[in-house]
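*Asks:* Dumping the structure here so I can ask a few things about it.
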Amino acid sequence: MYYLQGMMATYLVNALRNFRRDKGNTLIHITGLALGLSTCMIIGLYLYSELSYDRFFDKADRIVRVNFKGSVNQGTMDEANVMPPVARTLVRDYPEVQMATRLTEGPKLIIKYKDKTFEEYKFVGVDSNFFQVFSLHMLEGSPSSALNQPGQVVITRDMARKYFGTEDPLGKPLHVVAWKRDFTVSGIIDNIPQESHFHFDFFASLDTGGDQASNSWMTSGYFTYLVLQPGYDYKRLEAKLPQVVQKYIGPQLLAGMGMSLDEFRRRGNNIGLYLQKLTDIHLHSTCTNDMEPAGDIRYLYMSGAIGVFMLLIACINFINLSTAGASKRAKEVGVRKVLGSRRGALIQQFLTESVLLSFVSLILSLLIVILVLPWFNQLADKHLTLLFMGKGWFIIGFLIFGLITGVLAGLYPAFFLSSFKPVSVLKGNFNWTGKSLNLRSSLVVFQFFISILLIVCTTVVYQQLHYIQHKKLGYDRSQVMILPETWILGSKAEVFNQRVTEDTRVASVTFSDYLPAGPSDGNNFFISPETNDHQMVKSLRYDVDYNYIPTLGMEIASGRNFERGYATDSTGVIINETAARVLGMEKNPIGQVITHSDNDNTKYRLHVIGVVKDFHFRSMHELITPLVMSLTGKPGTMIIKIKTKDVHGLVTDMTKWWNGLTGDAPFTYTFLDEQFNNTYRSELKTEWVLGLFAGLTIFVACLGLFGLATFTAEQRKKEIGIRKVLGASVSGLVTLLSKDFLRLVAIAFILAVPLAWYLMHKWLQDYEYRIGLGAGVFIFAALITIVLTLITVGGKSVRAALANPVNSLRAE
């Protein structure tokens, strides 16, 4: 025991002595490994958060969501909400469904309590058993009875503090201005964790009125969740859902559209239901109307791969830097062997140094994570923490991880350094073998390979998102102000409209709840040419007024806009170019009649008065689909095209006008370009996150190049001295030392390009509107890699070329 302790003490003393002797190399060792480990830790926290979504619910492994899918005349539907009777029907007809609950989103609301008035947009209606399905932490009230009466509402802890301060909220009324009714607070839940696919602040009981008790299978709007029996495979229930469609949707389809389900399908159409595991919603959902933007499992694969590459590159750097200084340790090894040191003891010495450096780097990486994590959370819109640092399992895992990293990173250098032959070393004949050189070259090729791959991927992601941001959309989103709550003004809306319209800073005003970007009303509107009822087309309907098209800068391709002088425009519609093409009217659409049937099978004749040029009203992930614009005079969202740089002054005046007309609702506004950018907010954040990780990985890879450059310069210093004596120039010597690295860049480029092209080609397929993968992006990646190589290697090469040849030749 004492012997082992003495040996370890000796190893540690020798390690510290070597670190002090070669401070620069030691600092690079620690910095590179610390950056690699801290990046891996942050990526690990990020992946853990993304993979944890909805898993905190007690019944998470038994909950599935019912989604709706269908296709009508090549128009597809993939929606996260379904028909009102789905929940009770599945509970009644299938015993494997133990419980079902529903959630339906509400509009933005103005809510008052005494003298406090706030605008809220996280208000939903839920079934009475909602908190029995979703085990959110109830601070006050009972999960089983908090919503069993009409007019009850459960609020979050933050809302309780916001509205009631130190008062007890239970039993207090919250007044919803638009609905002119009170909701009684019956429970308080803790704030919903970030790792949930929904985040709402008000959960109100679904009343007996409205369509919540409807038997209609032709309308939707309810997010429906099922709790299955323990251990039951949800795919077995999913296989039975076509029976539900046949039994319940079929008869109503026949009554509403005049055709049977079989005939509907024979015409190439289809509708159905499918199930999705609760824990799959965040990362695997393809629905177009999810409550919140979903994540993307592919970005997690990319992040995880970067984390693995980062750790590998950090270890490769460690190997390169350790063996780069081998010539400095060669005589030490020779002397030790002559004095009787065994190879095993030398291996233990070098592994001790490696593990010690690993633990120092690991501690430094923890400090980096603690300092950087708040900034990273802001960048990625996350709430990652290191609260588990004080737990026993973390401390043990931390120590094991440091030990394994140190051993893996130092294993090859330890065996390599301990293999030196003392006779050759002490005579000064020490040199590298071809095998060692090939290994080093292979490691550096791997670093270049990863660097080129990351540069290509991050460049393509940036170019695609930049393309989305700047693509012509078919409408003008600049200087368009959105006032979403003008309906609250009621009869005073026209007064406010007149004041805004008459202001010289305003170009145009229109009213519509339908917007081409951001939150918008939406509906499925089935139309067909009057001459061919069988050619049914799924479209989206926009309810607009006379000024909608000019205010948003859209263009009429043929026909005309709605005009007040035409009384028949009440039954007129404007369709987009895609609708005209799908309906077979692209040659002469003006004056043709299309028909629409409602749920009561009442058929409406609508005549086409104009065709608007196609514009993007959905994400770039989707193709432009058929669109129908109809005329409506209902006040709703106010859309204002402004023509002034004095936006602040205009907003100030509009706030005064608003407050003079209503005392209940605060003046709120946003801009259309902000709403457009919010559509891609999560993708933009992911771009920044991936770019950050990739940049750090490339930086750490450059440290490895520095290690190999150090080794090369050290090994060839006598050759460089001789060449200088014989008249070689500094530039010629730098070229001589750099060309080997450029050859490795070329090899890595040839290996990386096919994989990079395949990965980015697959990623771009998710966008219907995307950039092309030309040669430019690969040339750019190669140039960046060459420049980084020359900067990293060139500095060391120049230093070696400028060295005094007398010093390198003195030994000769």
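Residues are named by chain letter and number: chains run A, B, ... in the order of the structure tokens, numbers start at 1 in each chain, and ligands are numbered from 1 in the order shown.
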Sorted by chain and rising residue number, which residues of range 204-263 of chain A lie within 6 Å of range 85-105 of chain A, and what are their closest atom pairs and distances in Å to one decimal, counting only C-alpha atoms, as CSV?
*Replies:*
```
residue,atom,partner,partner_atom,distance
A:Asn215,CA,A:Pro85,CA,5.5
A:Tyr222,CA,A:Thr104,CA,5.0
A:Phe223,CA,A:Leu103,CA,5.0
A:Thr224,CA,A:Arg102,CA,4.5
A:Tyr225,CA,A:Thr101,CA,5.4
A:Leu226,CA,A:Ala100,CA,4.4
A:Val227,CA,A:Met99,CA,5.0
A:Leu228,CA,A:Val97,CA,4.7
A:Gln229,CA,A:Glu96,CA,5.5
```
*Asks:* When DSSP works through the backbone of this structure, what residues of range 93-223 of chain A end up as strand (DSSP E), shown as an MDAnalysis selection string?
*Replies:* chainID A and resid 97:105 109:113 116:120 123:126 138:140 152:156 173:176 181:189 202:205 223
*Asks:* Do a neighbour search on range 560-571 of chain A at 8 Å with only C-alpha atoms, toss out local chain neighbours closer than 5 positions, and write the hits as a list in words.
*Replies:* Asp545, Tyr546, Ile549, Arg605, Leu606, His607, Ile609, Gly610, Val611, Ser630, Leu631 and Thr632 of chain A
*Asks:* Would you save the residues from that selection as a PDB file, in the first residue's frame, using N, CA and C atoms?
*Replies:*
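This went into again.pdb:
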```
ATOM      1  N   ASP A 545     -62.215  42.415 -46.952  1.00  0.00           N
ATOM      2  CA  ASP A 545     -63.035  43.539 -47.382  1.00  0.00           C
ATOM      3  C   ASP A 545     -62.444  44.131 -48.665  1.00  0.00           C
ATOM      4  N   TYR A 546     -62.973  45.290 -49.047  1.00  0.00           N
ATOM      5  CA  TYR A 546     -62.587  45.874 -50.334  1.00  0.00           C
ATOM      6  C   TYR A 546     -61.110  46.270 -50.396  1.00  0.00           C
ATOM      7  N   ILE A 549     -56.681  43.428 -50.567  1.00  0.00           N
ATOM      8  CA  ILE A 549     -55.659  43.137 -51.589  1.00  0.00           C
ATOM      9  C   ILE A 549     -54.722  44.319 -51.799  1.00  0.00           C
ATOM     10  N   ARG A 605     -73.818  29.052 -54.779  1.00  0.00           N
ATOM     11  CA  ARG A 605     -73.182  29.353 -56.048  1.00  0.00           C
ATOM     12  C   ARG A 605     -72.343  30.620 -55.891  1.00  0.00           C
ATOM     13  N   LEU A 606     -71.093  30.543 -56.241  1.00  0.00           N
ATOM     14  CA  LEU A 606     -70.169  31.669 -56.108  1.00  0.00           C
ATOM     15  C   LEU A 606     -69.532  31.920 -57.467  1.00  0.00           C
ATOM     16  N   HIS A 607     -69.586  33.175 -57.931  1.00  0.00           N
ATOM     17  CA  HIS A 607     -69.018  33.460 -59.243  1.00  0.00           C
ATOM     18  C   HIS A 607     -67.661  34.158 -59.087  1.00  0.00           C
ATOM     19  N   ILE A 609     -64.838  36.625 -59.774  1.00  0.00           N
ATOM     20  CA  ILE A 609     -64.712  37.969 -60.348  1.00  0.00           C
ATOM     21  C   ILE A 609     -63.252  38.354 -60.566  1.00  0.00           C
ATOM     22  N   GLY A 610     -62.348  37.596 -59.979  1.00  0.00           N
ATOM     23  CA  GLY A 610     -60.933  37.938 -60.142  1.00  0.00           C
ATOM     24  C   GLY A 610     -60.031  36.802 -59.717  1.00  0.00           C
ATOM     25  N   VAL A 611     -58.797  36.884 -60.186  1.00  0.00           N
ATOM     26  CA  VAL A 611     -57.761  35.923 -59.795  1.00  0.00           C
ATOM     27  C   VAL A 611     -56.582  36.714 -59.238  1.00  0.00           C
ATOM     28  N   SER A 630     -63.557  35.750 -50.024  1.00  0.00           N
ATOM     29  CA  SER A 630     -64.953  36.186 -50.102  1.00  0.00           C
ATOM     30  C   SER A 630     -65.103  37.510 -49.355  1.00  0.00           C
ATOM     31  N   LEU A 631     -66.142  38.251 -49.713  1.00  0.00           N
ATOM     32  CA  LEU A 631     -66.351  39.588 -49.162  1.00  0.00           C
ATOM     33  C   LEU A 631     -67.141  39.505 -47.864  1.00  0.00           C
ATOM     34  N   THR A 632     -66.627  40.195 -46.836  1.00  0.00           N
ATOM     35  CA  THR A 632     -67.345  40.248 -45.561  1.00  0.00           C
ATOM     36  C   THR A 632     -67.188  41.637 -44.971  1.00  0.00           C
TER      37      THR A 632
END
```
*Asks:* For CA of Leu515 in chain A and CA of Glu79 in chain A, determine how far apart the two atoms are, in Å to one decimal place.
*Replies:*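 Distance reported for this atom pair: 19.0 Å.
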*Asks:* Can you tell me, as a VMD selection string, what residues are no more than 8 Å from Leu283 in chain A when counting only C-alpha atoms, ignoring any on the same chain fewer than 3 positions away?
*Replies:* chain A and resid 50 280 294 to 297
*Asks:* So how many Å separate CA of Thr279 in chain A and CA of Asp58 in chain A, to one decimal?
*Replies:*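 Separation of CA of Thr279 in chain A and CA of Asp58 in chain A: 12.0 Å.
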*Asks:* Between CA of Trp217 in chain A and CA of Ala80 in chain A, what is the spacing in Å?
*Replies:*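 Answer for the CA of Ala80 in chain A to CA of Trp217 in chain A separation: 15.0 Å.
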*Asks:* I'd like the neighbourhood of range 376-386 of chain A as a ChimeraX atom specification, where a residue qualifies if any of its atoms comes within 9 Å (using only C-alpha atoms), though same-chain residues fewer than 2 positions away should be ignored.
*Replies:* /A:42,45-46,49,194,369-370,372-374,388-390,682,685-686,688-689
*Asks:* Which residues are near Asp61 in chain A? Cut-off 8 Å, only C-alpha atoms, ignore same chain within fewer than 3 positions. Put them as JSON, numbers by chain.
*Replies:* {"A": [55, 277, 278, 279]}
*Asks:* Keeping N, CA, C and O atoms, export the residues of the selection given above as an mmCIF file, in the first residue's frame.
*Replies:*
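For reference, result-v7.cif as written:
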```cif
data_model
loop_
_atom_site.group_PDB
_atom_site.id
_atom_site.type_symbol
_atom_site.label_atom_id
_atom_site.label_comp_id
_atom_site.auth_asym_id
_atom_site.auth_seq_id
_atom_site.Cartn_x
_atom_site.Cartn_y
_atom_site.Cartn_z
ATOM 1 N N ARG A 55 -42.700 13.976 -20.881
ATOM 2 C CA ARG A 55 -42.433 12.741 -20.140
ATOM 3 C C ARG A 55 -42.666 12.905 -18.648
ATOM 4 O O ARG A 55 -42.659 11.907 -17.918
ATOM 5 N N LYS A 277 -48.251 9.195 -30.255
ATOM 6 C CA LYS A 277 -47.845 9.128 -28.854
ATOM 7 C C LYS A 277 -47.586 10.529 -28.320
ATOM 8 O O LYS A 277 -47.029 11.382 -29.013
ATOM 9 N N LEU A 278 -47.982 10.746 -27.075
ATOM 10 C CA LEU A 278 -47.774 12.052 -26.453
ATOM 11 C C LEU A 278 -46.305 12.457 -26.496
ATOM 12 O O LEU A 278 -45.982 13.612 -26.790
ATOM 13 N N THR A 279 -45.430 11.512 -26.225
ATOM 14 C CA THR A 279 -44.001 11.820 -26.161
ATOM 15 C C THR A 279 -43.372 12.022 -27.539
ATOM 16 O O THR A 279 -42.196 12.376 -27.631
#
```
*Asks:* Run DSSP on the backbone and grab whatever in range 171-360 of chain A lands in helix (DSSP H, G or I); send it over as an MDAnalysis selection string.
*Replies:* chainID A and resid 234:238 241:257 261:266 278:284 297:324 326:338 343:360
